[in-house]
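Raw contents of coords.txt, compact mmCIF, C-alpha atoms:
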```
# COMPACT_ATOMS: atom_id res chain seq x y z
CA MET B 1 -10.84 0.93 32.98
CA MET B 2 -7.71 2.20 31.26
CA ASP B 3 -9.64 3.19 28.12
CA PHE B 4 -10.95 6.14 30.13
CA PHE B 5 -7.56 7.19 31.52
CA PRO B 6 -5.21 7.31 28.51
CA GLU B 7 -3.17 10.08 30.14
CA LEU B 8 -2.10 7.61 32.84
CA ALA B 9 -1.22 4.68 30.58
CA ASP B 10 2.53 5.30 30.73
CA ARG B 11 2.40 5.43 34.54
CA VAL B 12 0.82 1.99 34.99
CA THR B 13 3.53 -0.53 35.77
CA ASP B 14 1.30 -3.43 36.82
CA PRO B 15 0.01 -5.14 33.64
CA ARG B 16 -2.99 -6.51 35.56
CA LYS B 17 -4.44 -3.01 35.71
CA GLU B 18 -4.71 -3.01 31.92
CA GLN B 19 -7.18 -5.89 32.27
CA ILE B 20 -9.51 -4.33 34.87
CA THR B 21 -13.05 -4.05 33.51
CA ILE B 22 -15.79 -1.64 34.52
CA ARG B 23 -17.93 -4.63 35.49
CA GLN B 24 -15.26 -5.79 37.93
CA MET B 25 -15.12 -2.28 39.38
CA LEU B 26 -18.90 -2.22 39.87
CA GLN B 27 -18.64 -5.55 41.70
CA MET B 28 -15.71 -4.42 43.90
CA ARG B 29 -13.62 -7.14 42.29
CA ALA B 30 -11.09 -4.93 40.50
CA GLY B 31 -8.32 -5.86 42.92
CA TYR B 32 -7.83 -2.52 44.69
CA PRO B 33 -7.56 -2.78 48.51
CA TRP B 34 -9.79 -1.47 51.27
CA GLU B 35 -8.24 1.83 52.30
CA GLU B 36 -8.53 1.23 56.03
CA SER B 37 -6.41 -1.92 55.83
CA THR B 38 -3.12 -0.02 56.16
CA ALA B 39 -1.95 3.29 57.63
CA GLU B 40 -0.70 4.48 54.22
CA LEU B 41 -3.99 3.79 52.46
CA PHE B 42 -5.91 5.31 55.34
CA GLU B 43 -3.92 8.52 54.94
CA MET B 44 -4.89 8.59 51.27
CA LEU B 45 -8.57 8.09 52.12
CA TYR B 46 -8.47 10.82 54.73
CA HIS B 47 -6.88 13.40 52.44
CA GLY B 48 -8.87 12.59 49.30
CA PHE B 49 -8.54 10.91 45.93
CA GLN B 50 -7.41 11.85 42.46
CA PRO B 51 -7.50 9.71 39.28
CA SER B 52 -3.72 9.23 39.22
CA LEU B 53 -4.04 6.98 42.27
CA LEU B 54 -5.25 4.20 39.96
CA ALA B 55 -1.63 3.91 38.85
CA GLU B 56 -0.04 4.47 42.25
CA VAL B 57 -2.10 2.22 44.53
CA PRO B 58 -0.96 -1.43 44.32
CA LEU B 59 -3.50 -4.17 43.72
CA ALA B 60 -4.29 -6.49 46.62
CA SER B 61 -5.48 -9.31 44.34
CA ASP B 62 -5.80 -10.26 40.69
CA PRO B 63 -8.76 -8.51 39.00
CA GLY B 64 -11.94 -10.55 39.11
CA THR B 65 -10.77 -13.06 41.71
CA ARG B 66 -12.18 -11.75 45.00
CA PHE B 67 -14.27 -9.08 46.67
CA GLU B 68 -12.37 -6.23 48.28
CA TYR B 69 -14.24 -3.04 49.17
CA SER B 70 -12.49 0.00 47.70
CA ASN B 71 -13.60 3.62 47.94
CA LEU B 72 -11.05 4.49 45.24
CA THR B 73 -12.78 2.10 42.85
CA SER B 74 -16.14 3.84 43.36
CA HIS B 75 -14.52 7.23 42.88
CA LEU B 76 -12.94 6.10 39.61
CA LEU B 77 -16.34 4.85 38.42
CA GLY B 78 -17.70 8.35 38.96
CA VAL B 79 -14.86 9.82 36.90
CA ILE B 80 -15.56 7.26 34.15
CA VAL B 81 -19.25 8.23 34.01
CA SER B 82 -18.27 11.90 33.77
CA ARG B 83 -15.78 11.28 30.97
CA ALA B 84 -18.16 9.01 29.07
CA ALA B 85 -20.93 11.63 29.28
CA GLY B 86 -18.64 14.54 28.49
CA ILE B 87 -19.91 16.60 31.45
CA ASP B 88 -19.22 16.73 35.17
CA LEU B 89 -20.85 14.06 37.31
CA ARG B 90 -23.19 16.43 39.14
CA SER B 91 -24.59 17.90 35.93
CA PHE B 92 -25.11 14.42 34.50
CA ALA B 93 -26.86 13.22 37.66
CA GLU B 94 -29.08 16.29 37.89
CA GLU B 95 -30.28 15.95 34.32
CA ASN B 96 -30.74 12.16 34.22
CA LEU B 97 -31.59 11.24 37.80
CA PHE B 98 -32.28 14.07 40.23
CA LYS B 99 -34.68 16.10 38.09
CA PRO B 100 -36.76 13.10 36.93
CA LEU B 101 -37.07 12.06 40.59
CA GLY B 102 -37.97 15.58 41.65
CA VAL B 103 -35.14 15.77 44.17
CA GLU B 104 -32.57 18.43 44.90
CA ALA B 105 -29.11 17.40 46.01
CA GLY B 106 -27.18 19.28 48.65
CA ASP B 107 -23.42 19.65 48.88
CA TRP B 108 -21.26 17.25 46.89
CA ILE B 109 -17.56 17.32 47.60
CA GLN B 110 -15.01 17.28 44.78
CA ASP B 111 -11.52 15.80 44.65
CA TRP B 112 -8.30 17.74 44.17
CA GLU B 113 -8.79 17.82 40.39
CA GLY B 114 -12.43 18.93 40.50
CA ASN B 115 -14.09 15.54 39.99
CA TYR B 116 -17.18 15.00 42.12
CA ASN B 117 -16.57 12.20 44.59
CA GLY B 118 -17.91 8.90 43.31
CA HIS B 119 -17.59 7.13 46.65
CA ALA B 120 -19.13 9.51 49.21
CA ASP B 121 -19.94 13.05 50.31
CA LEU B 122 -23.22 13.61 48.47
CA HIS B 123 -25.83 15.13 50.79
CA PHE B 124 -29.54 14.28 50.52
CA ARG B 125 -32.61 14.69 52.69
CA ALA B 126 -34.12 11.43 53.93
CA ARG B 127 -37.22 11.82 51.74
CA ASN B 128 -35.05 12.15 48.62
CA MET B 129 -33.05 9.08 49.59
CA ALA B 130 -36.36 7.23 49.88
CA ARG B 131 -37.29 8.26 46.34
CA PHE B 132 -34.07 6.73 45.07
CA GLY B 133 -34.85 3.55 46.97
CA LEU B 134 -38.36 3.49 45.54
CA LEU B 135 -36.89 3.85 42.06
CA TYR B 136 -34.90 0.64 42.52
CA LEU B 137 -37.74 -1.13 44.31
CA ASN B 138 -39.90 -0.46 41.23
CA GLU B 139 -37.35 -1.72 38.68
CA GLY B 140 -36.17 1.73 37.63
CA GLU B 141 -39.61 3.25 37.16
CA TYR B 142 -40.89 6.33 38.98
CA TRP B 143 -44.45 7.63 38.54
CA GLY B 144 -44.80 5.86 35.20
CA GLU B 145 -41.45 7.04 33.80
CA GLN B 146 -38.61 4.58 33.20
CA ILE B 147 -35.68 6.57 34.58
CA VAL B 148 -33.20 3.70 34.92
CA PRO B 149 -33.37 0.61 32.66
CA ALA B 150 -35.04 -2.31 34.42
CA GLY B 151 -32.25 -4.60 33.24
CA TRP B 152 -29.65 -2.40 34.93
CA VAL B 153 -31.57 -2.48 38.21
CA ALA B 154 -31.77 -6.28 38.06
CA GLU B 155 -28.04 -6.59 37.33
CA SER B 156 -27.21 -4.14 40.10
CA LEU B 157 -29.09 -6.15 42.71
CA GLU B 158 -27.59 -9.51 41.71
CA ARG B 159 -25.15 -11.10 44.16
CA TYR B 160 -21.74 -11.42 42.49
CA SER B 161 -19.89 -12.01 45.76
CA GLU B 162 -21.14 -14.17 48.61
CA ASP B 163 -20.23 -14.14 52.29
CA VAL B 164 -18.16 -10.98 51.88
CA ASN B 165 -18.15 -10.49 55.66
CA ALA B 166 -15.54 -13.25 55.74
CA THR B 167 -13.43 -11.76 52.95
CA GLY B 168 -10.46 -9.51 53.61
CA GLY B 169 -11.60 -8.70 57.15
CA PHE B 170 -14.44 -6.47 55.92
CA PRO B 171 -16.79 -6.11 57.67
CA ALA B 172 -15.98 -9.06 59.92
CA ASN B 173 -16.21 -8.92 63.71
CA TRP B 174 -18.26 -5.74 63.95
CA GLY B 175 -21.01 -7.39 65.94
CA LEU B 176 -23.52 -6.89 63.13
CA ASP B 177 -26.99 -8.42 63.40
CA ILE B 178 -26.97 -9.29 59.68
CA SER B 179 -25.57 -12.35 57.92
CA ASP B 180 -25.04 -13.79 54.44
CA ILE B 181 -23.69 -10.45 53.23
CA GLY B 182 -23.36 -10.20 49.46
CA TYR B 183 -22.52 -7.55 46.90
CA GLY B 184 -23.88 -6.54 43.49
CA TYR B 185 -23.13 -3.38 41.52
CA GLN B 186 -22.45 -0.91 44.35
CA TRP B 187 -25.37 -2.43 46.29
CA TRP B 188 -25.10 -4.69 49.32
CA SER B 189 -27.45 -7.49 50.27
CA ALA B 190 -27.87 -9.40 53.52
CA ARG B 191 -30.23 -11.42 55.69
CA SER B 192 -31.81 -10.57 59.03
CA GLY B 193 -33.80 -13.42 60.51
CA GLU B 194 -35.46 -15.16 57.58
CA ARG B 195 -35.72 -12.09 55.34
CA TYR B 196 -33.24 -11.01 52.66
CA PHE B 197 -32.88 -7.38 51.65
CA ASP B 198 -30.76 -5.09 49.46
CA PHE B 199 -29.23 -1.89 50.75
CA ALA B 200 -27.10 1.11 49.87
CA TRP B 201 -24.65 1.85 52.65
CA GLY B 202 -22.89 5.12 53.42
CA HIS B 203 -20.27 6.07 55.98
CA GLY B 204 -21.66 6.75 59.43
CA GLY B 205 -24.60 4.45 58.81
CA GLN B 206 -26.56 6.20 56.06
CA LEU B 207 -28.83 3.48 54.68
CA ILE B 208 -31.35 2.91 51.90
CA VAL B 209 -32.90 -0.52 52.43
CA LEU B 210 -35.12 -2.36 49.94
CA LEU B 211 -37.57 -4.99 51.19
CA ASP B 212 -39.00 -6.26 47.92
CA ASP B 213 -41.45 -8.77 49.36
CA LEU B 214 -43.05 -6.09 51.53
CA ASP B 215 -42.82 -3.30 48.94
CA MET B 216 -41.00 -1.28 51.60
CA VAL B 217 -38.13 1.21 51.64
CA ILE B 218 -36.32 2.03 54.88
CA VAL B 219 -34.05 5.07 55.11
CA VAL B 220 -31.65 5.98 57.90
CA THR B 221 -29.71 9.24 58.09
CA SER B 222 -27.09 9.93 60.71
CA ASP B 223 -24.01 11.96 61.49
CA PRO B 224 -21.76 11.13 58.49
CA LEU B 225 -18.70 11.30 60.77
CA PHE B 226 -16.87 13.23 58.09
CA GLY B 227 -13.16 12.52 58.24
CA GLN B 228 -13.59 10.07 61.11
CA HIS B 229 -12.69 6.42 60.83
CA GLY B 230 -11.62 3.70 63.21
CA ASP B 231 -13.33 1.83 66.04
CA GLU B 232 -15.55 4.63 67.36
CA ALA B 233 -16.92 5.48 63.93
CA TRP B 234 -17.62 1.83 63.12
CA LYS B 235 -19.31 1.37 66.51
CA HIS B 236 -21.71 4.19 65.65
CA GLU B 237 -22.29 2.79 62.14
CA SER B 238 -22.86 -0.74 63.42
CA ALA B 239 -25.53 0.53 65.82
CA ASN B 240 -27.47 2.01 62.89
CA ILE B 241 -27.24 -1.19 60.87
CA ASN B 242 -28.34 -3.27 63.84
CA LEU B 243 -31.29 -0.94 64.47
CA VAL B 244 -32.56 -1.66 60.94
CA ALA B 245 -31.69 -5.36 61.13
CA ASP B 246 -33.61 -5.83 64.37
CA PHE B 247 -36.61 -3.98 62.92
CA ILE B 248 -36.58 -6.24 59.85
CA LYS B 249 -36.31 -9.34 62.00
CA ALA B 250 -39.36 -8.23 63.97
CA LEU B 251 -41.53 -7.82 60.86
CA PRO B 252 -44.23 -10.48 60.35
CA GLY B 253 -43.42 -13.27 57.93
CA GLU B 254 -45.11 -14.00 54.65
```

Can the structure in the file be given as structure tokens, please?
Amino acid sequence: MMDFFPELADRVTDPRKEQITIRQMLQMRAGYPWEESTAELFEMLYHGFQPSLLAEVPLASDPGTRFEYSNLTSHLLGVIVSRAAGIDLRSFAEENLFKPLGVEAGDWIQDWEGNYNGHADLHFRARNMARFGLLYLNEGEYWGEQIVPAGWVAESLERYSEDVNATGGFPANWGLDISDIGYGYQWWSARSGERYFDFAWGHGGQLIVLLDDLDMVIVVTSDPLFGQHGDEAWKHESANINLVADFIKALPGE
């Protein structure tokens, strides 16, 4: 991680942060905490991120040792992609992902330093979300063109953390109709009934669900509840997840 933030090297006082790898960040195992776990972190989430927070936010665990969902980690990954590519994240995505898929993105919010948010706030129509899901369902290929390497898709959908609903209180006790929740590279996985599925999960209950055995993509869009967190927001989000979970459970078996 720190190779991409040399300007912050003298501000990092925790030597463990020097050891954080990009792979650990992709797996949500970098050690940064879930922002809604404390009032101070929640305030940071509500008012927005900036790269310097990688030095300021204390680690909740040693890198690589446990799953802990972190919006900051996803945002830093977006900054890393931008710096590695030498262009802003939106321009990179439009050239290498959006245009090949034939989709047009809507608004995409930026942080205080002008970096496009890597963790949220990218607006898409449902049909365009479905195209992204279809891309991953088909191992990175879309209409005969290999847009994302098949190996990357496979690695992304691996389960590097198991039973994450029992880890760090997230997302335990939400009354979800899913179980065996796992995590890959920024992708979730879970079981409803006897069927496993992978899914991308956005605040408010935006969902892209992959059912590989049925060659099916399910998309849910909803009020993103921008700037809203807490019990009422999670109640709304849980209802969306349970709607999909109950539909999957009702599907005929193999």

*Within 10 Å of range 95-99 of chain B using all atoms listed in the file, minus same-chain residues under 5 positions, as a count of residues only*: 8

*Please provide the set of residues having any atom within 9 Å of Ile241 in chain B, restricted to only C-alpha atoms, with same-chain residues fewer than 5 positions apart removed, written as a PyMOL selection string.*
chain B and resi 176-178+205-207+220+246

_Interatomic distance, CA of Ala9 in chain B to CA of Ala93 in chain B (Å, one decimal)_ = 27.9 Å

*Measuring atom to atom with all atoms listed in the file, identify which of B:Val103, B:Ala30, B:Leu157, B:Ile109 is nearest to Leu72 in chain B.*
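Ranking B:Val103, B:Ala30, B:Leu157, B:Ile109 by distance to Leu72 in chain B, first place goes to B:Ala30.
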
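Our summary of the geometry notes that CA of Gly64 in chain B is positioned 20.8 Å from CA of Val81 in chain B.
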
*Quote the spacing between CA of Ala85 in chain B and CA of Gly102 in chain B in Å to one decimal place.*
21.4 Å

Residues within 12 Å of (-25.8, 3.5, 65.9), file coords, only C-alpha atoms, listed as a tab-separated table (two decimals) with C-alpha atoms, keeping the file's coordinate frame:
```
chain	number	residue	atom	x	y	z
B	175	GLY	CA	-21.01	-7.39	65.94
B	176	LEU	CA	-23.52	-6.89	63.13
B	203	HIS	CA	-20.27	6.07	55.98
B	204	GLY	CA	-21.66	6.75	59.43
B	205	GLY	CA	-24.60	4.45	58.81
B	206	GLN	CA	-26.56	6.20	56.06
B	207	LEU	CA	-28.83	3.48	54.68
B	220	VAL	CA	-31.65	5.98	57.90
B	221	THR	CA	-29.71	9.24	58.09
B	222	SER	CA	-27.09	9.93	60.71
B	223	ASP	CA	-24.01	11.96	61.49
B	224	PRO	CA	-21.76	11.13	58.49
B	225	LEU	CA	-18.70	11.30	60.77
B	232	GLU	CA	-15.55	4.63	67.36
B	233	ALA	CA	-16.92	5.48	63.93
B	234	TRP	CA	-17.62	1.83	63.12
B	235	LYS	CA	-19.31	1.37	66.51
B	236	HIS	CA	-21.71	4.19	65.65
B	237	GLU	CA	-22.29	2.79	62.14
B	238	SER	CA	-22.86	-0.74	63.42
B	239	ALA	CA	-25.53	0.53	65.82
B	240	ASN	CA	-27.47	2.01	62.89
B	241	ILE	CA	-27.24	-1.19	60.87
B	242	ASN	CA	-28.34	-3.27	63.84
B	243	LEU	CA	-31.29	-0.94	64.47
B	244	VAL	CA	-32.56	-1.66	60.94
B	245	ALA	CA	-31.69	-5.36	61.13
```

Find the residues near Leu214 in chain B: any atom within 10 Å, counting all atoms listed in the file, skip ones fewer than 3 places away on the same chain, and give them as an mmCIF file with C-alpha atoms, in the coordinates of the input.
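What follows is the written file around20.cif:
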```cif
data_model
loop_
_atom_site.group_PDB
_atom_site.id
_atom_site.type_symbol
_atom_site.label_atom_id
_atom_site.label_comp_id
_atom_site.auth_asym_id
_atom_site.auth_seq_id
_atom_site.Cartn_x
_atom_site.Cartn_y
_atom_site.Cartn_z
ATOM 1 C CA LEU B 210 -35.120 -2.360 49.940
ATOM 2 C CA LEU B 211 -37.570 -4.990 51.190
ATOM 3 C CA VAL B 217 -38.130 1.210 51.640
ATOM 4 C CA LEU B 251 -41.530 -7.820 60.860
ATOM 5 C CA PRO B 252 -44.230 -10.480 60.350
ATOM 6 C CA GLY B 253 -43.420 -13.270 57.930
ATOM 7 C CA GLU B 254 -45.110 -14.000 54.650
#
```

If the box runs along x, y and z of the file and leaves 6 Å on each side of range 30-43 of chain B, what are its centre and edge lengths in Å, one decimal, as JSON?
```
{"center_x": -5.9, "center_y": 1.3, "center_z": 49.1, "size_x": 22.4, "size_y": 26.4, "size_z": 29.1}
```

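Remark: for Leu8 in chain B, the closest of the candidate residues B:Ser156, B:Gln50, B:Thr73, B:Gln186 is B:Gln50 (distances computed over only C-alpha atoms).
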
*Can you list, as a ChimeraX atom specification, every protein, DNA or RNA residue that comes within 9 Å of Ala150 in chain B when you count all atoms listed in the file, leaving out same-chain residues fewer than 2 positions away?*
/B:136,138-141,146-148,152-155

_Given the point (-4.1, -10.4, 48.0) in the file's coordinates, find the residues that have an atom at most 10 Å from it, counting all atoms listed in the file, and give them as a PyMOL selection string._
chain B and resi 31-33+59-62+65-66+68+168

*Just the residues within 12 Å of Trp112 in chain B, please, counting only C-alpha atoms, with nothing from its chain fewer than 2 positions along; format it as a PyMOL selection string.*
chain B and resi 47-53+109-110+114-117

Same residues, C-alpha atoms, output as an mmCIF file, keeping the file's coordinate frame:
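Written output follows (again17.cif):
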```
data_model
loop_
_atom_site.group_PDB
_atom_site.id
_atom_site.type_symbol
_atom_site.label_atom_id
_atom_site.label_comp_id
_atom_site.auth_asym_id
_atom_site.auth_seq_id
_atom_site.Cartn_x
_atom_site.Cartn_y
_atom_site.Cartn_z
ATOM 1 C CA HIS B 47 -6.880 13.400 52.440
ATOM 2 C CA GLY B 48 -8.870 12.590 49.300
ATOM 3 C CA PHE B 49 -8.540 10.910 45.930
ATOM 4 C CA GLN B 50 -7.410 11.850 42.460
ATOM 5 C CA PRO B 51 -7.500 9.710 39.280
ATOM 6 C CA SER B 52 -3.720 9.230 39.220
ATOM 7 C CA LEU B 53 -4.040 6.980 42.270
ATOM 8 C CA ILE B 109 -17.560 17.320 47.600
ATOM 9 C CA GLN B 110 -15.010 17.280 44.780
ATOM 10 C CA GLY B 114 -12.430 18.930 40.500
ATOM 11 C CA ASN B 115 -14.090 15.540 39.990
ATOM 12 C CA TYR B 116 -17.180 15.000 42.120
ATOM 13 C CA ASN B 117 -16.570 12.200 44.590
#
```

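Considering the residues B:Glu94, B:Asp215, B:Glu35, B:Glu7 and counting only C-alpha atoms, Gly106 in chain B has its shortest atom-to-atom contact with B:Glu94.
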
*Proximity to Arg159 in chain B - best of B:Pro15, B:Gly182, B:Gly202, B:Gly78, only C-alpha atoms*: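 Result for the nearest residue to Arg159 in chain B: B:Gly182.
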
Missing atoms in range 131-150 of chain B need filling: write out N, CA and C atoms for it as a PDB file, keeping the file's coordinate frame.
```
ATOM      1  N   ARG B 131     -36.874   8.283  47.745  1.00  0.00           N
ATOM      2  CA  ARG B 131     -37.290   8.260  46.340  1.00  0.00           C
ATOM      3  C   ARG B 131     -36.325   7.433  45.499  1.00  0.00           C
ATOM      4  N   PHE B 132     -35.047   7.544  45.791  1.00  0.00           N
ATOM      5  CA  PHE B 132     -34.070   6.730  45.070  1.00  0.00           C
ATOM      6  C   PHE B 132     -34.288   5.252  45.365  1.00  0.00           C
ATOM      7  N   GLY B 133     -34.554   4.933  46.632  1.00  0.00           N
ATOM      8  CA  GLY B 133     -34.850   3.550  46.970  1.00  0.00           C
ATOM      9  C   GLY B 133     -36.090   3.039  46.274  1.00  0.00           C
ATOM     10  N   LEU B 134     -37.122   3.882  46.217  1.00  0.00           N
ATOM     11  CA  LEU B 134     -38.360   3.490  45.540  1.00  0.00           C
ATOM     12  C   LEU B 134     -38.131   3.252  44.057  1.00  0.00           C
ATOM     13  N   LEU B 135     -37.237   4.031  43.464  1.00  0.00           N
ATOM     14  CA  LEU B 135     -36.890   3.850  42.060  1.00  0.00           C
ATOM     15  C   LEU B 135     -36.360   2.446  41.813  1.00  0.00           C
ATOM     16  N   TYR B 136     -35.470   1.975  42.680  1.00  0.00           N
ATOM     17  CA  TYR B 136     -34.900   0.640  42.520  1.00  0.00           C
ATOM     18  C   TYR B 136     -35.888  -0.451  42.929  1.00  0.00           C
ATOM     19  N   LEU B 137     -36.725  -0.153  43.901  1.00  0.00           N
ATOM     20  CA  LEU B 137     -37.740  -1.130  44.310  1.00  0.00           C
ATOM     21  C   LEU B 137     -38.717  -1.387  43.165  1.00  0.00           C
ATOM     22  N   ASN B 138     -38.952  -0.355  42.345  1.00  0.00           N
ATOM     23  CA  ASN B 138     -39.900  -0.460  41.230  1.00  0.00           C
ATOM     24  C   ASN B 138     -39.209  -0.665  39.890  1.00  0.00           C
ATOM     25  N   GLU B 139     -38.053  -1.307  39.902  1.00  0.00           N
ATOM     26  CA  GLU B 139     -37.350  -1.720  38.680  1.00  0.00           C
ATOM     27  C   GLU B 139     -37.014  -0.538  37.783  1.00  0.00           C
ATOM     28  N   GLY B 140     -36.631   0.576  38.393  1.00  0.00           N
ATOM     29  CA  GLY B 140     -36.170   1.730  37.630  1.00  0.00           C
ATOM     30  C   GLY B 140     -37.250   2.666  37.172  1.00  0.00           C
ATOM     31  N   GLU B 141     -38.489   2.412  37.590  1.00  0.00           N
ATOM     32  CA  GLU B 141     -39.610   3.250  37.160  1.00  0.00           C
ATOM     33  C   GLU B 141     -40.061   4.152  38.308  1.00  0.00           C
ATOM     34  N   TYR B 142     -40.397   5.396  37.969  1.00  0.00           N
ATOM     35  CA  TYR B 142     -40.890   6.330  38.980  1.00  0.00           C
ATOM     36  C   TYR B 142     -42.051   7.119  38.397  1.00  0.00           C
ATOM     37  N   TRP B 143     -43.237   6.964  39.003  1.00  0.00           N
ATOM     38  CA  TRP B 143     -44.450   7.630  38.540  1.00  0.00           C
ATOM     39  C   TRP B 143     -44.672   7.451  37.028  1.00  0.00           C
ATOM     40  N   GLY B 144     -44.509   6.200  36.584  1.00  0.00           N
ATOM     41  CA  GLY B 144     -44.800   5.860  35.200  1.00  0.00           C
ATOM     42  C   GLY B 144     -43.677   6.146  34.221  1.00  0.00           C
ATOM     43  N   GLU B 145     -42.584   6.725  34.689  1.00  0.00           N
ATOM     44  CA  GLU B 145     -41.450   7.040  33.800  1.00  0.00           C
ATOM     45  C   GLU B 145     -40.286   6.097  34.093  1.00  0.00           C
ATOM     46  N   GLN B 146     -39.757   5.475  33.047  1.00  0.00           N
ATOM     47  CA  GLN B 146     -38.610   4.580  33.200  1.00  0.00           C
ATOM     48  C   GLN B 146     -37.345   5.421  33.237  1.00  0.00           C
ATOM     49  N   ILE B 147     -36.844   5.696  34.416  1.00  0.00           N
ATOM     50  CA  ILE B 147     -35.680   6.570  34.580  1.00  0.00           C
ATOM     51  C   ILE B 147     -34.384   5.784  34.450  1.00  0.00           C
ATOM     52  N   VAL B 148     -34.358   4.597  35.009  1.00  0.00           N
ATOM     53  CA  VAL B 148     -33.200   3.700  34.920  1.00  0.00           C
ATOM     54  C   VAL B 148     -33.674   2.405  34.284  1.00  0.00           C
ATOM     55  N   PRO B 149     -32.937   1.856  33.305  1.00  0.00           N
ATOM     56  CA  PRO B 149     -33.370   0.610  32.660  1.00  0.00           C
ATOM     57  C   PRO B 149     -33.606  -0.506  33.676  1.00  0.00           C
ATOM     58  N   ALA B 150     -34.711  -1.222  33.504  1.00  0.00           N
ATOM     59  CA  ALA B 150     -35.040  -2.310  34.420  1.00  0.00           C
ATOM     60  C   ALA B 150     -33.941  -3.367  34.448  1.00  0.00           C
TER      61      ALA B 150
END
```
